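Here's entry33.pdb, which has PDB, C-alpha atoms and all ligand atoms:
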```pdb
MODEL        1
ATOM      1  CA  MET E  15     -16.966   7.496   3.186
ATOM      2  CA  ASN E  16     -16.070   4.060   1.887
ATOM      3  CA  LEU E  17     -13.508   1.941   3.648
ATOM      4  CA  ALA E  18     -11.404   1.189   0.577
ATOM      5  CA  SER E  19     -10.655   4.906   0.230
ATOM      6  CA  LEU E  20      -9.182   4.914   3.749
ATOM      7  CA  LEU E  21      -6.773   2.107   2.914
ATOM      8  CA  SER E  22      -3.413   2.644   1.298
ATOM      9  CA  LYS E  23      -1.284  -0.123  -0.153
ATOM     10  CA  GLU E  24       1.788   1.057   1.771
ATOM     11  CA  ARG E  25      -0.085   0.203   4.959
ATOM     12  CA  ILE E  26      -1.192  -3.254   3.961
ATOM     13  CA  ASN E  27       1.329  -5.927   4.812
ATOM     14  CA  LEU E  28       0.202  -9.361   3.687
ATOM     15  CA  GLU E  29       3.444 -10.969   4.788
ATOM     16  CA  LEU E  30       3.576  -9.811   8.369
ATOM     17  CA  LYS E  31       6.092 -11.675  10.479
ATOM     18  CA  PRO E  32       4.347 -13.651  13.244
ATOM     19  CA  GLY E  33       5.021 -12.524  16.803
ATOM     20  CA  LYS E  34       3.448 -11.705  20.150
ATOM     21  CA  LYS E  35       0.295  -9.618  20.156
ATOM     22  CA  GLU E  36       2.262  -6.544  21.345
ATOM     23  CA  GLU E  37       4.835  -6.929  18.585
ATOM     24  CA  ILE E  38       2.190  -7.222  15.897
ATOM     25  CA  ILE E  39       0.428  -4.110  17.193
ATOM     26  CA  LYS E  40       3.754  -2.230  17.262
ATOM     27  CA  ASP E  41       4.602  -3.276  13.702
ATOM     28  CA  LEU E  42       1.272  -2.065  12.417
ATOM     29  CA  VAL E  43       1.456   1.232  14.337
ATOM     30  CA  TYR E  44       4.954   1.963  13.010
ATOM     31  CA  SER E  45       3.609   1.953   9.483
ATOM     32  CA  ILE E  46       1.499   4.948  10.571
ATOM     33  CA  LYS E  47       3.562   6.889  13.146
ATOM     34  CA  LYS E  48       7.037   6.843  14.624
ATOM     35  CA  GLY E  49       8.717   8.046  17.832
ATOM     36  CA  SER E  50       6.784   9.114  20.900
ATOM     37  CA  ASP E  51       3.546   9.344  18.887
ATOM     38  CA  ALA E  52       3.832   5.639  18.106
ATOM     39  CA  GLU E  53       4.633   4.915  21.760
ATOM     40  CA  LEU E  54       1.472   6.712  22.877
ATOM     41  CA  ILE E  55      -0.704   4.911  20.341
ATOM     42  CA  VAL E  56       0.713   1.462  21.208
ATOM     43  CA  SER E  57       0.177   2.114  24.909
ATOM     44  CA  THR E  58      -3.448   3.146  24.344
ATOM     45  CA  LEU E  59      -4.155   0.214  22.014
ATOM     46  CA  LEU E  60      -2.777  -2.191  24.610
ATOM     47  CA  LYS E  61      -4.961  -0.598  27.305
ATOM     48  CA  ARG E  62      -7.929  -1.204  25.043
ATOM     49  CA  GLU E  63      -6.854  -4.851  24.693
ATOM     50  CA  GLU E  64      -6.785  -5.132  28.492
ATOM     51  CA  LEU E  65     -10.540  -4.498  28.529
ATOM     52  CA  GLY E  66     -11.090  -7.535  26.352
ATOM     53  CA  SER E  67      -9.380  -8.762  23.227
ATOM     54  CA  THR E  68     -10.334  -7.141  19.930
ATOM     55  CA  GLY E  69      -9.792 -10.558  18.381
ATOM     56  CA  ILE E  70     -13.420 -10.901  17.312
ATOM     57  CA  GLY E  71     -13.081 -14.551  16.389
ATOM     58  CA  LYS E  72     -12.614 -16.536  13.202
ATOM     59  CA  SER E  73      -8.992 -15.411  12.845
ATOM     60  CA  ILE E  74      -9.644 -11.653  12.711
ATOM     61  CA  ALA E  75      -8.577  -8.937  15.148
ATOM     62  CA  ILE E  76      -9.446  -5.243  15.048
ATOM     63  CA  PRO E  77      -7.316  -3.311  17.552
ATOM     64  CA  HIS E  78      -8.580   0.260  17.768
ATOM     65  CA  CYS E  79      -8.413   3.460  19.793
ATOM     66  CA  ARG E  80      -8.517   7.219  19.618
ATOM     67  CA  SER E  81      -5.302   9.087  20.221
ATOM     68  CA  LEU E  82      -4.033  12.637  20.426
ATOM     69  CA  ALA E  83      -1.181  11.472  18.209
ATOM     70  CA  VAL E  84      -3.217  11.392  14.999
ATOM     71  CA  GLU E  85      -5.091  14.138  13.203
ATOM     72  CA  LYS E  86      -7.260  11.935  11.010
ATOM     73  CA  LEU E  87      -8.511   8.382  10.838
ATOM     74  CA  GLU E  88      -5.588   6.042  10.098
ATOM     75  CA  ILE E  89      -5.813   2.356   9.217
ATOM     76  CA  SER E  90      -3.183  -0.290   8.695
ATOM     77  CA  VAL E  91      -3.678  -3.934   7.834
ATOM     78  CA  GLY E  92      -1.523  -6.973   8.434
ATOM     79  CA  ARG E  93      -1.878 -10.608   7.514
ATOM     80  CA  THR E  94       0.566 -12.816   9.346
ATOM     81  CA  THR E  95       2.390 -15.564   7.481
ATOM     82  CA  LYS E  96       1.418 -17.886  10.338
ATOM     83  CA  PRO E  97      -1.572 -17.542  12.706
ATOM     84  CA  ILE E  98      -0.715 -15.825  15.997
ATOM     85  CA  ASN E  99      -2.158 -15.828  19.502
ATOM     86  CA  PHE E 100      -4.263 -12.699  20.087
ATOM     87  CA  ASN E 101      -6.291 -13.988  23.060
ATOM     88  CA  ALA E 102      -9.259 -13.861  20.709
ATOM     89  CA  ILE E 103     -12.746 -14.371  22.109
ATOM     90  CA  ASP E 104     -13.067 -17.750  20.377
ATOM     91  CA  LYS E 105      -9.603 -18.672  21.729
ATOM     92  CA  LYS E 106      -8.456 -19.360  18.161
ATOM     93  CA  PRO E 107      -5.367 -17.845  16.563
ATOM     94  CA  VAL E 108      -5.571 -14.727  14.429
ATOM     95  CA  SER E 109      -4.110 -14.026  11.010
ATOM     96  CA  LEU E 110      -5.795 -10.873   9.713
ATOM     97  CA  ILE E 111      -5.473  -7.659  11.698
ATOM     98  CA  PHE E 112      -7.138  -4.339  10.934
ATOM     99  CA  LEU E 113      -5.673  -1.590  13.101
ATOM    100  CA  ILE E 114      -7.617   1.670  13.417
ATOM    101  CA  ILE E 115      -6.609   4.912  15.102
ATOM    102  CA  ALA E 116      -8.796   7.989  15.218
ATOM    103  CA  PRO E 117      -8.276  11.533  16.482
ATOM    104  CA  PRO E 118     -10.097  12.503  19.690
ATOM    105  CA  GLN E 119     -12.242  15.052  17.860
ATOM    106  CA  ASP E 120     -14.063  13.318  15.118
ATOM    107  CA  PRO E 121     -16.955  15.176  13.506
ATOM    108  CA  GLY E 122     -19.688  12.871  12.250
ATOM    109  CA  ASN E 123     -18.386   9.987  14.329
ATOM    110  CA  GLN E 124     -16.485   8.606  11.342
ATOM    111  CA  TYR E 125     -14.380   6.447  13.677
ATOM    112  CA  LEU E 126     -17.168   4.389  15.198
ATOM    113  CA  ILE E 127     -18.987   4.107  11.886
ATOM    114  CA  THR E 128     -15.816   2.853  10.165
ATOM    115  CA  LEU E 129     -15.096   0.476  13.035
ATOM    116  CA  GLY E 130     -18.580  -1.024  12.705
ATOM    117  CA  LYS E 131     -18.109  -1.326   8.969
ATOM    118  CA  ILE E 132     -14.779  -3.139   9.334
ATOM    119  CA  VAL E 133     -16.345  -5.631  11.743
ATOM    120  CA  GLN E 134     -19.054  -6.292   9.181
ATOM    121  CA  ILE E 135     -16.625  -6.663   6.258
ATOM    122  CA  ALA E 136     -14.284  -8.848   8.301
ATOM    123  CA  LYS E 137     -17.110 -11.214   9.195
ATOM    124  CA  GLU E 138     -18.033 -11.427   5.533
ATOM    125  CA  MET E 139     -14.416 -12.262   4.680
ATOM    126  CA  THR E 140     -14.380 -15.205   7.084
ATOM    127  CA  LYS E 141     -17.807 -16.389   6.030
ATOM    128  CA  LYS E 142     -16.736 -16.540   2.392
ATOM    129  CA  ASN E 143     -13.265 -17.799   3.205
ATOM    130  CA  LEU E 144     -11.544 -14.812   1.588
ATOM    131  CA  ILE E 145      -8.862 -13.982   4.152
ATOM    132  CA  GLN E 146      -6.060 -15.716   2.286
ATOM    133  CA  LYS E 147      -7.294 -14.828  -1.169
ATOM    134  CA  PRO E 148      -5.697 -11.460  -1.955
ATOM    135  CA  GLN E 149      -2.048 -11.813  -2.971
ATOM    136  CA  THR E 150      -1.120  -8.139  -3.192
ATOM    137  CA  PRO E 151      -2.194  -4.986  -1.335
ATOM    138  CA  GLU E 152      -3.943  -3.830  -4.528
ATOM    139  CA  GLU E 153      -5.977  -7.044  -4.635
ATOM    140  CA  PHE E 154      -6.771  -6.604  -0.957
ATOM    141  CA  ILE E 155      -8.196  -3.111  -1.536
ATOM    142  CA  THR E 156     -10.182  -4.316  -4.568
ATOM    143  CA  LEU E 157     -11.639  -7.155  -2.493
ATOM    144  CA  ILE E 158     -12.620  -4.834   0.375
ATOM    145  CA  ASN E 159     -14.234  -2.496  -2.107
ATOM    146  CA  LYS E 160     -16.272  -5.344  -3.595
ATOM    147  CA  ILE E 161     -17.420  -6.716  -0.224
ATOM    148  CA  GLU E 162     -18.376  -3.235   0.898
ATOM    149  CA  LYS E 163     -20.459  -2.696  -2.243
ATOM    150  CA  ASP E 164     -22.137  -6.101  -1.872
ATOM    151  CA  ILE E 165     -23.065  -5.329   1.720
ATOM    152  CA  GLY E 166     -24.396  -1.947   0.622
ATOM    153  CA  LYS E 167     -26.636  -3.552  -2.009
ATOM    154  CA  ARG E 168     -28.167  -5.897   0.538
ATOM    155  CA  LYS E 169     -29.442  -3.016   2.672
TER     156      LYS E 169
ATOM    157  CA  MET Y   9       5.828  21.163  28.870
ATOM    158  CA  SER Y  10       8.446  18.716  30.003
ATOM    159  CA  ASP Y  11       8.524  15.498  28.008
ATOM    160  CA  VAL Y  12       7.616  13.313  30.980
ATOM    161  CA  ILE Y  13       4.667  15.437  32.053
ATOM    162  CA  GLU Y  14       3.530  15.713  28.460
ATOM    163  CA  MET Y  15       3.626  11.928  27.984
ATOM    164  CA  HIS Y  16       1.670  11.329  31.191
ATOM    165  CA  LEU Y  17      -0.923  13.901  30.183
ATOM    166  CA  LYS Y  18      -1.290  12.345  26.750
ATOM    167  CA  LEU Y  19      -1.594   8.825  28.184
ATOM    168  CA  LEU Y  20      -4.221  10.047  30.630
ATOM    169  CA  PHE Y  21      -6.114  11.836  27.885
ATOM    170  CA  ASP Y  22      -6.090   8.833  25.524
ATOM    171  CA  LEU Y  23      -7.237   6.597  28.374
ATOM    172  CA  ASP Y  24     -10.101   8.966  29.196
ATOM    173  CA  THR Y  25     -11.160   8.999  25.543
ATOM    174  CA  LEU Y  26     -11.078   5.206  25.558
ATOM    175  CA  LEU Y  27     -13.228   5.011  28.690
ATOM    176  CA  ALA Y  28     -15.669   7.583  27.262
ATOM    177  CA  ASP Y  29     -16.120   5.623  24.027
ATOM    178  CA  LEU Y  30     -17.225   2.554  25.990
ATOM    179  CA  GLU Y  31     -20.364   4.497  26.898
ATOM    180  CA  GLU Y  32     -21.174   5.428  23.295
ATOM    181  CA  PRO Y  33     -24.325   3.628  22.065
ATOM    182  CA  VAL Y  34     -22.758   3.263  18.583
ATOM    183  CA  TYR Y  35     -19.737   1.588  20.161
ATOM    184  CA  LYS Y  36     -21.831  -0.739  22.307
ATOM    185  CA  LYS Y  37     -23.794  -1.769  19.217
ATOM    186  CA  ILE Y  38     -20.638  -2.951  17.418
ATOM    187  CA  GLY Y  39     -20.512  -5.705  20.033
ATOM    188  CA  PHE Y  40     -16.982  -5.921  21.465
ATOM    189  CA  LYS Y  41     -17.026  -7.709  24.792
ATOM    190  CA  ILE Y  42     -15.745  -5.559  27.652
ATOM    191  CA  GLY Y  43     -14.930  -7.124  31.008
ATOM    192  CA  ASP Y  44     -16.142  -5.287  34.115
ATOM    193  CA  THR Y  45     -13.180  -6.396  36.219
ATOM    194  CA  GLU Y  46     -10.796  -5.249  33.487
ATOM    195  CA  ARG Y  47     -12.542  -1.925  33.288
ATOM    196  CA  MET Y  48     -12.151  -1.407  37.041
ATOM    197  CA  ALA Y  49      -8.479  -2.300  36.707
ATOM    198  CA  LEU Y  50      -8.073   0.319  34.010
ATOM    199  CA  LEU Y  51      -9.746   2.933  36.225
ATOM    200  CA  GLY Y  52      -7.108   2.055  38.809
ATOM    201  CA  ARG Y  53      -4.410   2.663  36.217
ATOM    202  CA  ARG Y  54      -6.015   6.028  35.545
ATOM    203  CA  SER Y  55      -5.614   7.081  39.198
ATOM    204  CA  ASP Y  56      -1.979   5.980  39.062
ATOM    205  CA  LEU Y  57      -1.358   8.141  36.004
ATOM    206  CA  LEU Y  58      -3.047  11.103  37.660
ATOM    207  CA  LYS Y  59      -0.814  10.694  40.726
ATOM    208  CA  LYS Y  60       2.278  10.844  38.536
ATOM    209  CA  LEU Y  61       1.411  14.386  37.456
ATOM    210  CA  PRO Y  62       2.302  17.442  39.531
ATOM    211  CA  ARG Y  63      -0.719  18.129  41.711
ATOM    212  CA  GLU Y  64      -1.649  21.493  40.221
ATOM    213  CA  ILE Y  65      -1.574  20.063  36.700
ATOM    214  CA  ALA Y  66      -3.662  17.068  37.735
ATOM    215  CA  GLU Y  67      -6.219  19.439  39.274
ATOM    216  CA  VAL Y  68      -6.416  21.606  36.155
ATOM    217  CA  TYR Y  69      -6.812  18.472  34.037
ATOM    218  CA  GLU Y  70      -9.659  17.121  36.178
ATOM    219  CA  MET Y  71     -11.397  20.490  36.268
ATOM    220  CA  LEU Y  72     -11.188  20.815  32.475
ATOM    221  CA  LYS Y  73     -12.379  17.250  31.997
ATOM    222  CA  LYS Y  74     -15.456  17.995  34.098
ATOM    223  CA  ARG Y  75     -16.147  21.110  32.076
ATOM    224  CA  TYR Y  76     -15.419  19.903  28.547
ATOM    225  CA  GLN Y  77     -15.003  16.100  28.745
ATOM    226  CA  GLN Y  78     -11.846  16.515  26.665
ATOM    227  CA  ALA Y  79      -9.300  18.480  28.670
ATOM    228  CA  ILE Y  80      -6.634  18.713  26.001
ATOM    229  CA  ALA Y  81      -6.948  20.372  22.609
ATOM    230  CA  PRO Y  82      -4.496  19.963  19.745
ATOM    231  CA  VAL Y  83      -3.161  23.087  18.065
ATOM    232  CA  GLU Y  84      -3.753  23.023  14.327
ATOM    233  CA  ASN Y  85      -2.893  25.759  11.847
ATOM    234  CA  GLY Y  86      -2.702  28.236  14.686
ATOM    235  CA  PHE Y  87      -6.124  27.353  16.045
ATOM    236  CA  CYS Y  88      -7.111  25.777  19.336
ATOM    237  CA  PHE Y  89      -8.990  22.660  18.235
ATOM    238  CA  GLY Y  90     -11.145  22.805  21.356
ATOM    239  CA  CYS Y  91     -12.811  26.185  20.802
ATOM    240  CA  PHE Y  92     -11.644  26.871  17.233
ATOM    241  CA  GLN Y  93     -10.278  30.292  18.135
ATOM    242  CA  GLN Y  94      -7.082  31.565  16.594
ATOM    243  CA  LEU Y  95      -4.218  31.529  19.086
ATOM    244  CA  PRO Y  96      -1.933  34.524  19.695
ATOM    245  CA  THR Y  97       1.387  34.252  17.812
ATOM    246  CA  GLN Y  98       3.438  33.502  20.932
ATOM    247  CA  LEU Y  99       1.419  30.298  21.353
ATOM    248  CA  LEU Y 100       1.983  28.954  17.878
ATOM    249  CA  THR Y 101       4.943  26.812  18.804
ATOM    250  CA  ARG Y 102       5.401  24.113  21.408
ATOM    251  CA  SER Y 103       6.199  25.492  24.826
ATOM    252  CA  LYS Y 104       8.187  23.957  27.678
ATOM    253  CA  GLU Y 105       5.434  24.822  30.150
ATOM    254  CA  VAL Y 106       1.958  23.350  30.324
ATOM    255  CA  THR Y 107       0.058  25.946  28.311
ATOM    256  CA  THR Y 108      -3.673  26.560  28.253
ATOM    257  CA  CYS Y 109      -5.789  28.228  25.582
ATOM    258  CA  PRO Y 110      -6.396  31.891  26.537
ATOM    259  CA  ASN Y 111      -9.953  31.567  25.244
ATOM    260  CA  CYS Y 112     -11.344  28.247  26.528
ATOM    261  CA  GLY Y 113      -8.680  27.200  29.044
ATOM    262  CA  ARG Y 114      -8.020  23.750  27.580
ATOM    263  CA  ILE Y 115      -4.479  22.404  27.808
ATOM    264  CA  LEU Y 116      -2.845  22.905  24.423
ATOM    265  CA  TYR Y 117      -1.025  20.138  22.617
ATOM    266  CA  TRP Y 118       1.322  20.586  19.663
ATOM    267  CA  ARG Y 119       1.632  17.497  17.503
ATOM    268  CA  GLU Y 120       5.026  16.262  16.400
ATOM    269  CA  LYS Y 121       5.611  17.051  12.773
TER     270      LYS Y 121
HETATM  271 ZN    ZN E 201      -9.456  27.027  23.074
ENDMDL
END
```
Encoded form using structure tokens:
Amino acid sequence: MNLASLLSKERINLELKPGKKEEIIKDLVYSIKKGSDAELIVSTLLKREELGSTGIGKSIAIPHCRSLAVEKLEISVGRTTKPINFNAIDKKPVSLIFLIIAPPQDPGNQYLITLGKIVQIAKEMTKKNLIQKPQTPEEFITLINKIEKDIGKRK
Amino acid sequence: MSDVIEMHLKLLFDLDTLLADLEEPVYKKIGFKIGDTERMALLGRRSDLLKKLPREIAEVYEMLKKRYQQAIAPVENGFCFGCFQQLPTQLLTRSKEVTTCPNCGRILYWREK
């Protein structure tokens, strides 16, 4: 399954208001779920962050977890208007956040495969200096699609 | 089940899934750095969550986790998503009690719609 097909433009916010790590995570979760489901997901994502930041460096963070609150893989994306502190491993601020939530039962391990793929695509985006390039959610999806295809060709 | 018990059970379950994924070779290969101290701290949080549950529920949860790894199964389209058996009609809606699947014994969870 390609990553672009898991993205929807309603869940890509390229003008995310800067804030604390928790607030950013909450904002991105609320575009997927509301109420006590959202509360559960946020709590689990923050527990994952306690193990070590998912800020993988070079201004990208990929908070992720499985949760009972979702029935399929859900992704939301945010790009903050100003870089934020995410306790990233390179200690540098973060501006692009991919948030991934998967159901506990996940045939074919789609979750971990997608997570690996996002890490790969994100690294490519920083390498080629593409983080700030897309101006609309549509352009963002097109860009992801292109990077994913390019990576595929290299294999 | 009561809202508080349900939330604690769900938090515990999500935490257990998180801890289980850390052992997955595919996950390790992705290369996120996990701190050992932090992991121990999270295990401590797990015991705290377990203590917040009524004892008999905590015991059932731990027993099921040993047996199946995942102690809770969502209900979807009238099926237990743990054993994929159809549930009797009286179990098709959310109950106030902690309810287990009559077939596999997993704790059933109805998602919010
Ligand atoms: Zn069952």
* Asked: Which residue out of Y:Leu58, Y:Leu17, Y:Ala81, Y:Ile38 has the minimum interatomic distance to ligand ZN 201 (chain E) when all atoms listed in the file are used?
  ->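 Closest residue, counting all atoms listed in the file: Y:Ala81.
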* Asked: Mind telling me what the PyMOL selection byres (((not hetatm)) within 6 of (chain E and resi 201)) catches here, as a list in words?
  -> Cys88, Gly90, Cys91, Gln93, Cys109, Asn111, Cys112 and Arg114 of chain Y
* Asked: If you count only C-alpha atoms, which residues fall within 7 Å of segment 23-30 of chain Y, apart from same-chain ones fewer than 6 positions away, as a PyMOL selection string?
  -> (chain E and resi 58+79-80+118) or (chain Y and resi 36)
* Asked: Suppose you want the space between atom CA of Lys86 of chain E and atom CA of Pro117 of chain E; what is it in Å?
  ->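 Pair atom CA of Lys86 of chain E / atom CA of Pro117 of chain E returns 5.6 Å.
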* What separation in Å, quoted to one decimal, exists between atom CA of Leu20 of chain E and atom CA of Ala79 of chain Y? ->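 That distance, rounded to one decimal, is 28.4 Å.
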* To do: Find the distance between atom CA of Met139 of chain E and atom CA of Leu157 of chain E and write it in Å to one decimal.
  => 9.2 Å
* Please report as an MDAnalysis selection string which residues of chain Y come no farther than 9 Å from chain E, using all atoms listed in the file. => chainID Y and resid 15 18:19 21:23 25:27 29 34:35 37:47 49:50 78 80:82 89:90 117 119:120
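Residues selected in this file by the PyMOL selection byres (((chain E and resi 138) around 12) and not hetatm) comprise Lys72, Ile74, Lys131, Ile132, Val133, Gln134, Ile135, Ala136, Lys137, Met139, Thr140, Lys141, Lys142, Asn143, Leu144, Ile145, Leu157, Ile158, Lys160, Ile161, Glu162, Lys163, Asp164 and Ile165 of chain E.
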* Taking (6.2, -14.4, 13.1) in the file's coordinates, which residues come within 10 Å, counting only C-alpha atoms, written as a list in words? -> Glu29, Leu30, Lys31, Pro32, Gly33, Lys34, Glu37, Ile38, Thr94, Thr95, Lys96, Pro97 and Ile98 of chain E
Go ahead and save the picked residues with C-alpha atoms, as a CSV table (one decimal), in the coordinates of the input.
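What ended up in out_16.csv:
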```
chain,number,residue,atom,x,y,z
E,29,GLU,CA,3.4,-11.0,4.8
E,30,LEU,CA,3.6,-9.8,8.4
E,31,LYS,CA,6.1,-11.7,10.5
E,32,PRO,CA,4.3,-13.7,13.2
E,33,GLY,CA,5.0,-12.5,16.8
E,34,LYS,CA,3.4,-11.7,20.2
E,37,GLU,CA,4.8,-6.9,18.6
E,38,ILE,CA,2.2,-7.2,15.9
E,94,THR,CA,0.6,-12.8,9.3
E,95,THR,CA,2.4,-15.6,7.5
E,96,LYS,CA,1.4,-17.9,10.3
E,97,PRO,CA,-1.6,-17.5,12.7
E,98,ILE,CA,-0.7,-15.8,16.0
```
Around all the atoms of segment 67-71 of chain Y listed in the file, with 3 Å of room on each side, what axis-aligned box do you get, giving centre and edge lengths in Å to one decimal, as AutoDock Vina command-line options?
```
--center_x -8.8 --center_y 19.4 --center_z 36.7 --size_x 11.2 --size_y 10.5 --size_z 11.2
```
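Evaluated against this file, the PyMOL selection byres (((chain Y and resi 61) around 10) and not hetatm) yields Val12, Ile13, Glu14, His16, Leu17, Leu20, Asp56, Leu57, Leu58, Lys59, Lys60, Pro62, Arg63, Glu64, Ile65, Ala66, Glu67 and Tyr69 of chain Y.
Closest approach to Lys23 of chain E among E:Ile39, E:Ala75, E:Val91, E:Ile46: E:Val91, based on only C-alpha atoms.
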* **Contacts of Gln124 of chain E within 9 Å, all atoms listed in the file, excl. fewer than 5 positions in-chain, as a count of residues only** => 4
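You can rank E:Thr150, E:Asn159, E:Thr128, E:Asn16 by their closest distance to Ile114 of chain E using all atoms listed in the file, and at the top of that list sits E:Thr128.
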* Asked: Looking at E:Gly166, E:Pro148, E:Pro121, E:Pro107, which one is nearest to Ser73 of chain E, with distances taken over all atoms listed in the file?
  ->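 Distance minimum relative to Ser73 of chain E lands on E:Pro107.
Nearest residue to Tyr44 of chain E, choosing from E:Ile89, E:Leu110, E:Ala102, E:Leu17 and counting only C-alpha atoms: E:Ile89.
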